[in-house]
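Listing of upload00.cif; format and content: mmCIF, C-alpha atoms.
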data_entry
#
loop_
_atom_site.label_atom_id
_atom_site.label_comp_id
_atom_site.auth_asym_id
_atom_site.auth_seq_id
_atom_site.Cartn_x
_atom_site.Cartn_y
_atom_site.Cartn_z
CA MET O 9 114.71 50.59 -4.69
CA GLY O 10 118.20 49.14 -4.82
CA GLN O 11 119.08 46.14 -2.71
CA ALA O 12 121.70 46.31 0.01
CA ALA O 13 124.98 44.64 -0.82
CA PRO O 14 125.12 41.11 0.60
CA SER O 15 127.33 40.66 3.62
CA GLU O 16 130.57 38.79 3.14
CA PRO O 17 130.64 35.20 4.45
CA ASP O 18 132.52 34.52 7.65
CA GLN O 19 136.21 33.70 7.47
CA SER O 20 136.34 30.34 9.25
CA VAL O 21 138.57 27.35 9.89
CA ARG O 22 137.10 24.03 11.06
CA GLY O 23 138.98 20.79 11.62
CA GLY O 24 140.25 18.09 13.91
CA THR O 25 137.94 15.30 12.79
CA GLY O 26 138.75 11.93 14.27
CA TYR O 27 140.06 13.43 17.50
CA ALA O 28 140.92 11.19 20.43
CA ALA O 29 138.96 11.01 23.67
CA LYS O 30 141.51 12.91 25.79
CA PRO O 31 142.00 16.42 27.21
CA TYR O 32 142.95 19.16 24.74
CA THR O 33 144.34 22.67 25.02
CA PHE O 34 142.97 25.50 22.90
CA GLN O 35 145.07 28.68 22.69
CA LEU O 36 144.23 31.96 20.98
CA ALA O 37 147.71 33.42 20.63
CA SER O 38 146.83 36.70 18.86
CA GLY O 39 145.22 39.81 20.24
CA ALA O 40 141.67 40.71 19.18
CA ASP O 41 138.96 43.24 19.88
CA VAL O 42 136.35 40.74 21.10
CA VAL O 43 136.66 37.00 21.79
CA ARG O 44 133.76 34.57 22.30
CA VAL O 45 134.47 30.91 23.15
CA SER O 46 131.82 28.23 23.71
CA VAL O 47 131.24 24.50 23.21
CA ALA O 48 128.91 22.76 20.78
CA ASP O 49 128.22 19.56 18.88
CA LEU O 50 130.40 20.12 15.82
CA GLY O 51 129.41 16.96 14.02
CA GLY O 52 132.73 15.22 14.55
CA ALA O 53 135.00 18.28 14.23
CA LEU O 54 137.19 19.36 17.15
CA TYR O 55 137.10 23.13 16.62
CA ASP O 56 135.64 25.96 14.54
CA VAL O 57 137.25 29.41 14.61
CA SER O 58 135.75 32.32 12.67
CA THR O 59 135.73 36.08 12.17
CA PRO O 60 133.22 38.18 10.20
CA GLY O 61 133.77 38.50 6.47
CA ASP O 62 134.71 42.17 6.72
CA SER O 63 137.05 41.72 9.69
CA LYS O 64 140.60 43.04 9.66
CA ALA O 65 141.69 39.60 10.95
CA ALA O 66 141.20 36.05 9.69
CA PRO O 67 142.00 32.89 11.67
CA THR O 68 144.65 30.27 11.07
CA VAL O 69 144.86 27.11 13.17
CA ASP O 70 147.70 24.68 13.91
CA VAL O 71 147.15 21.34 15.65
CA ASP O 72 149.96 19.42 17.34
CA LYS O 73 148.81 16.30 19.18
CA ALA O 74 146.56 17.60 21.99
CA SER O 75 147.26 21.30 21.33
CA VAL O 76 145.11 23.54 19.11
CA VAL O 77 146.63 26.99 18.52
CA ALA O 78 144.72 29.71 16.68
CA ARG O 79 146.29 32.91 15.38
CA LEU O 80 145.01 35.86 13.38
CA ARG O 81 146.40 37.21 10.12
CA ASN O 82 145.80 40.67 8.73
CA THR O 83 143.27 40.82 5.89
CA GLY O 84 143.65 44.48 4.98
CA LYS O 85 139.96 45.07 5.69
CA ALA O 86 138.53 47.55 8.15
CA GLY O 87 136.09 45.53 10.26
CA PRO O 88 136.71 44.71 13.93
CA SER O 89 138.44 41.51 14.98
CA LEU O 90 135.54 39.65 16.55
CA VAL O 91 136.71 36.06 17.06
CA THR O 92 134.15 33.30 17.61
CA VAL O 93 135.45 29.92 18.76
CA LEU O 94 133.38 26.74 18.97
CA LEU O 95 134.95 23.69 20.62
CA ALA O 96 133.74 20.09 20.70
CA ARG O 97 131.65 19.65 23.82
CA ASP O 98 132.72 16.05 24.55
CA VAL O 99 136.35 17.03 25.28
CA ARG O 100 137.83 18.44 28.48
CA TRP O 101 139.35 21.74 27.38
CA HIS O 102 142.04 23.96 28.82
CA VAL O 103 141.22 27.28 27.15
CA ARG O 104 144.11 29.77 27.04
CA LEU O 105 143.61 33.33 25.81
CA THR O 106 147.16 34.65 25.59
CA GLY O 107 146.82 37.47 23.07
CA GLY O 108 144.49 39.77 24.97
CA ALA O 109 141.23 41.47 23.99
CA SER O 110 139.08 44.32 25.20
CA ASP O 111 136.15 41.96 25.79
CA GLU O 112 136.50 38.21 26.44
CA ALA O 113 133.85 35.58 27.18
CA VAL O 114 134.44 31.85 27.67
CA ASP O 115 131.32 29.74 28.23
CA LEU O 116 131.94 26.03 28.76
CA THR O 117 128.31 25.29 29.65
CA GLY O 118 127.49 21.93 28.08
CA ALA O 119 131.06 20.62 28.20
CA THR O 120 130.44 17.08 29.38
CA LEU O 121 133.92 16.65 30.91
CA GLY O 122 134.34 20.14 32.36
CA GLY O 123 137.29 22.41 31.62
CA ASP O 124 139.70 25.11 32.72
CA VAL O 125 140.28 28.70 31.57
CA GLU O 126 143.47 30.77 31.59
CA LEU O 127 143.48 34.49 30.77
CA SER O 128 147.11 35.50 30.54
CA ALA O 129 146.92 38.86 28.75
CA GLY O 130 145.24 42.03 29.88
CA THR O 131 141.55 42.64 29.26
CA SER O 132 139.00 45.29 30.12
CA ARG O 133 136.15 42.84 30.67
CA ALA O 134 136.12 39.05 30.99
CA GLU O 135 133.28 36.61 31.64
CA VAL O 136 133.86 32.92 32.36
CA THR O 137 131.10 30.33 32.76
CA LEU O 138 131.92 26.79 33.87
CA PRO O 139 129.69 23.71 34.06
CA ALA O 140 129.21 21.75 37.27
CA ALA O 141 132.61 20.81 38.65
CA ALA O 142 134.30 17.63 37.42
CA GLY O 143 137.46 17.27 39.45
CA THR O 144 139.15 20.62 40.08
CA GLN O 145 138.10 23.19 37.49
CA LYS O 146 140.32 26.25 37.37
CA VAL O 147 140.11 29.85 36.22
CA ALA O 148 143.47 31.65 36.20
CA LEU O 149 143.91 35.36 35.52
CA SER O 150 147.54 36.36 35.07
CA GLY O 151 147.19 39.38 32.81
CA GLY O 152 145.09 41.77 34.84
CA ALA O 153 141.51 42.89 34.22
CA SER O 154 139.17 45.75 34.98
CA LEU O 155 136.22 43.38 35.41
CA LEU O 156 136.18 39.59 35.85
CA GLU O 157 132.88 37.75 36.29
CA VAL O 158 132.89 33.98 36.92
CA ARG O 159 129.70 31.91 36.90
CA LEU O 160 129.83 28.37 38.26
CA GLY O 161 127.42 25.54 37.55
CA GLY O 162 126.27 23.27 40.36
CA SER O 163 127.11 23.78 44.01
CA ALA O 164 130.70 22.54 44.41
CA PRO O 165 132.86 24.60 46.80
CA VAL O 166 135.08 27.36 45.47
CA ARG O 167 138.40 28.91 46.41
CA VAL O 168 139.00 32.49 45.30
CA ALA O 169 142.41 34.19 45.39
CA ALA O 170 143.18 37.83 44.56
CA ARG O 171 146.93 37.66 44.99
CA ASP O 172 147.61 41.25 43.93
CA GLY O 173 144.52 42.62 45.64
CA ALA O 174 141.28 43.89 44.10
CA GLY O 175 139.07 46.94 44.25
CA ASP O 176 135.95 44.85 44.86
CA VAL O 177 135.39 41.11 45.41
CA ARG O 178 131.95 39.49 45.71
CA ILE O 179 131.44 35.76 46.22
CA ASP O 180 127.87 34.49 45.86
CA GLY O 181 126.59 37.99 46.52
CA GLN O 182 128.68 38.58 49.64
CA PRO O 183 131.18 41.46 49.52
CA GLN O 184 134.62 40.70 50.92
CA ALA O 185 136.14 43.40 53.08
CA GLY O 186 139.76 44.51 52.98
CA VAL O 187 140.85 42.85 49.76
CA ALA O 188 144.58 43.48 49.93
CA GLY O 189 147.31 41.51 48.21
CA GLY O 190 147.39 37.87 49.20
CA PHE O 191 143.61 37.58 49.71
CA VAL O 192 142.36 33.98 49.67
CA TYR O 193 138.84 32.73 50.41
CA ALA O 194 138.05 29.00 50.59
CA ALA O 195 134.52 27.71 51.09
CA PRO O 196 133.99 25.10 53.82
CA GLY O 197 134.96 21.65 52.58
CA TRP O 198 137.02 22.92 49.65
CA GLU O 199 140.29 21.30 50.75
CA THR O 200 138.86 17.77 50.74
CA ALA O 201 136.25 18.06 47.96
CA LYS O 202 136.67 15.76 44.97
CA ASP O 203 134.82 18.21 42.71
CA ARG O 204 135.60 21.89 43.25
CA PHE O 205 136.43 25.24 41.64
CA ASP O 206 139.68 27.20 41.96
CA ILE O 207 139.67 30.88 40.90
CA ASP O 208 143.13 32.46 40.95
CA ALA O 209 143.60 36.13 40.04
CA ALA O 210 147.38 36.45 40.18
CA GLU O 211 147.37 39.97 38.72
CA GLY O 212 145.36 42.98 39.79
CA VAL O 213 141.64 43.16 39.07
CA SER O 214 139.36 46.10 39.75
CA SER O 215 136.19 44.04 40.22
CA LEU O 216 135.94 40.26 40.75
CA THR O 217 132.54 38.57 41.02
CA VAL O 218 132.06 34.82 41.53
CA THR O 219 128.59 33.26 41.64
CA HIS O 220 127.05 29.78 41.65
CA GLY O 221 124.03 29.02 39.50
#

Show me this structure written as structure tokens.
Amino acid sequence: MGQAAPSEPDQSVRGGTGYAAKPYTFQLASGADVVRVSVADLGGALYDVSTPGDSKAAPTVDVDKASVVARLRNTGKAGPSLVTVLLARDVRWHVRLTGGASDEAVDLTGATLGGDVELSAGTSRAEVTLPAAAGTQKVALSGGASLLEVRLGGSAPVRVAARDGAGDVRIDGQPQAGVAGGFVYAAPGWETAKDRFDIDAAEGVSSLTVTHG
């Protein structure tokens, strides 16, 4: 029997060795089908961005001081643009997805200094997972979404805003009634807490779920 053709190796870019101990911003500036962002021990590298070998898109990365910007170039292939991003876990990241995707997931579990997430282009489905709060950790949605799920580590208080309203909002399992434009919920103690979460959906969202643990 003939053997199946071997799969093509991933198209990847890794770099940023010798990075400074300071906050960094990572931006994915191009649209994609699916985006997955997480943190890891990269053995001294700051970032690793990849797509499958048969993907229609391949990553390029530019670094300017504390800013890491990834874009996608056309490869002429037919495979989907599934973008996998690994970021150094010992950096506080501000992750910005500005190009949009049908499915987005940002998981900063394991980030020792915490981080923030900004979704500024439309998406059908987005999941964000944050570690226990270190200072004020923010999730900002300014591009609209059908579904946004936010999972929070630890027990720090949370503020949730749905400034353009929402079809359904649930906070730690509790449905919120009458979610019209301008809705804001703040847990007791949020205003004075040193460590806290701030979830701000500036654009419309059909379903917004926020849970601890």

For the contact check between segment 80-133 of chain O and segment 19-23 of chain O, emit one row per residue of segment 80-133 of chain O within 10 Å, containing the shortest atom pair and the distance in Å rounded to one decimal, counting all atoms listed in the file, chain then rising number order, as a tab-separated table.
residue	atom	partner	partner_atom	distance
O:Val91	CA	O:Ser20	CA	9.7
O:Thr92	CA	O:Ser20	CA	9.1
O:Val93	CA	O:Ser20	CA	9.6
O:Leu94	CA	O:Arg22	CA	9.2
O:Leu95	CA	O:Arg22	CA	9.8

* To do: Pick out the closest residue to Val114 of chain O from this set: O:Asp70, O:Asp98, O:Glu135, O:Glu126. Count all atoms listed in the file.
  => O:Glu135

* Any idea what the distance is between atom CA of Asp49 of chain O and atom CA of Leu90 of chain O? ->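 Atom CA of Leu90 of chain O lies at a distance of 21.5 Å from atom CA of Asp49 of chain O.
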
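Atom to atom, atom CA of Gly26 of chain O and atom CA of Leu116 of chain O stand 21.3 Å apart.
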
* Asked: For this file, the PyMOL selection byres ((chain O and resi 103) around 8) selects which residues, as a ChimeraX atom specification?
  -> /O:33-35,101-102,104-105,123-126
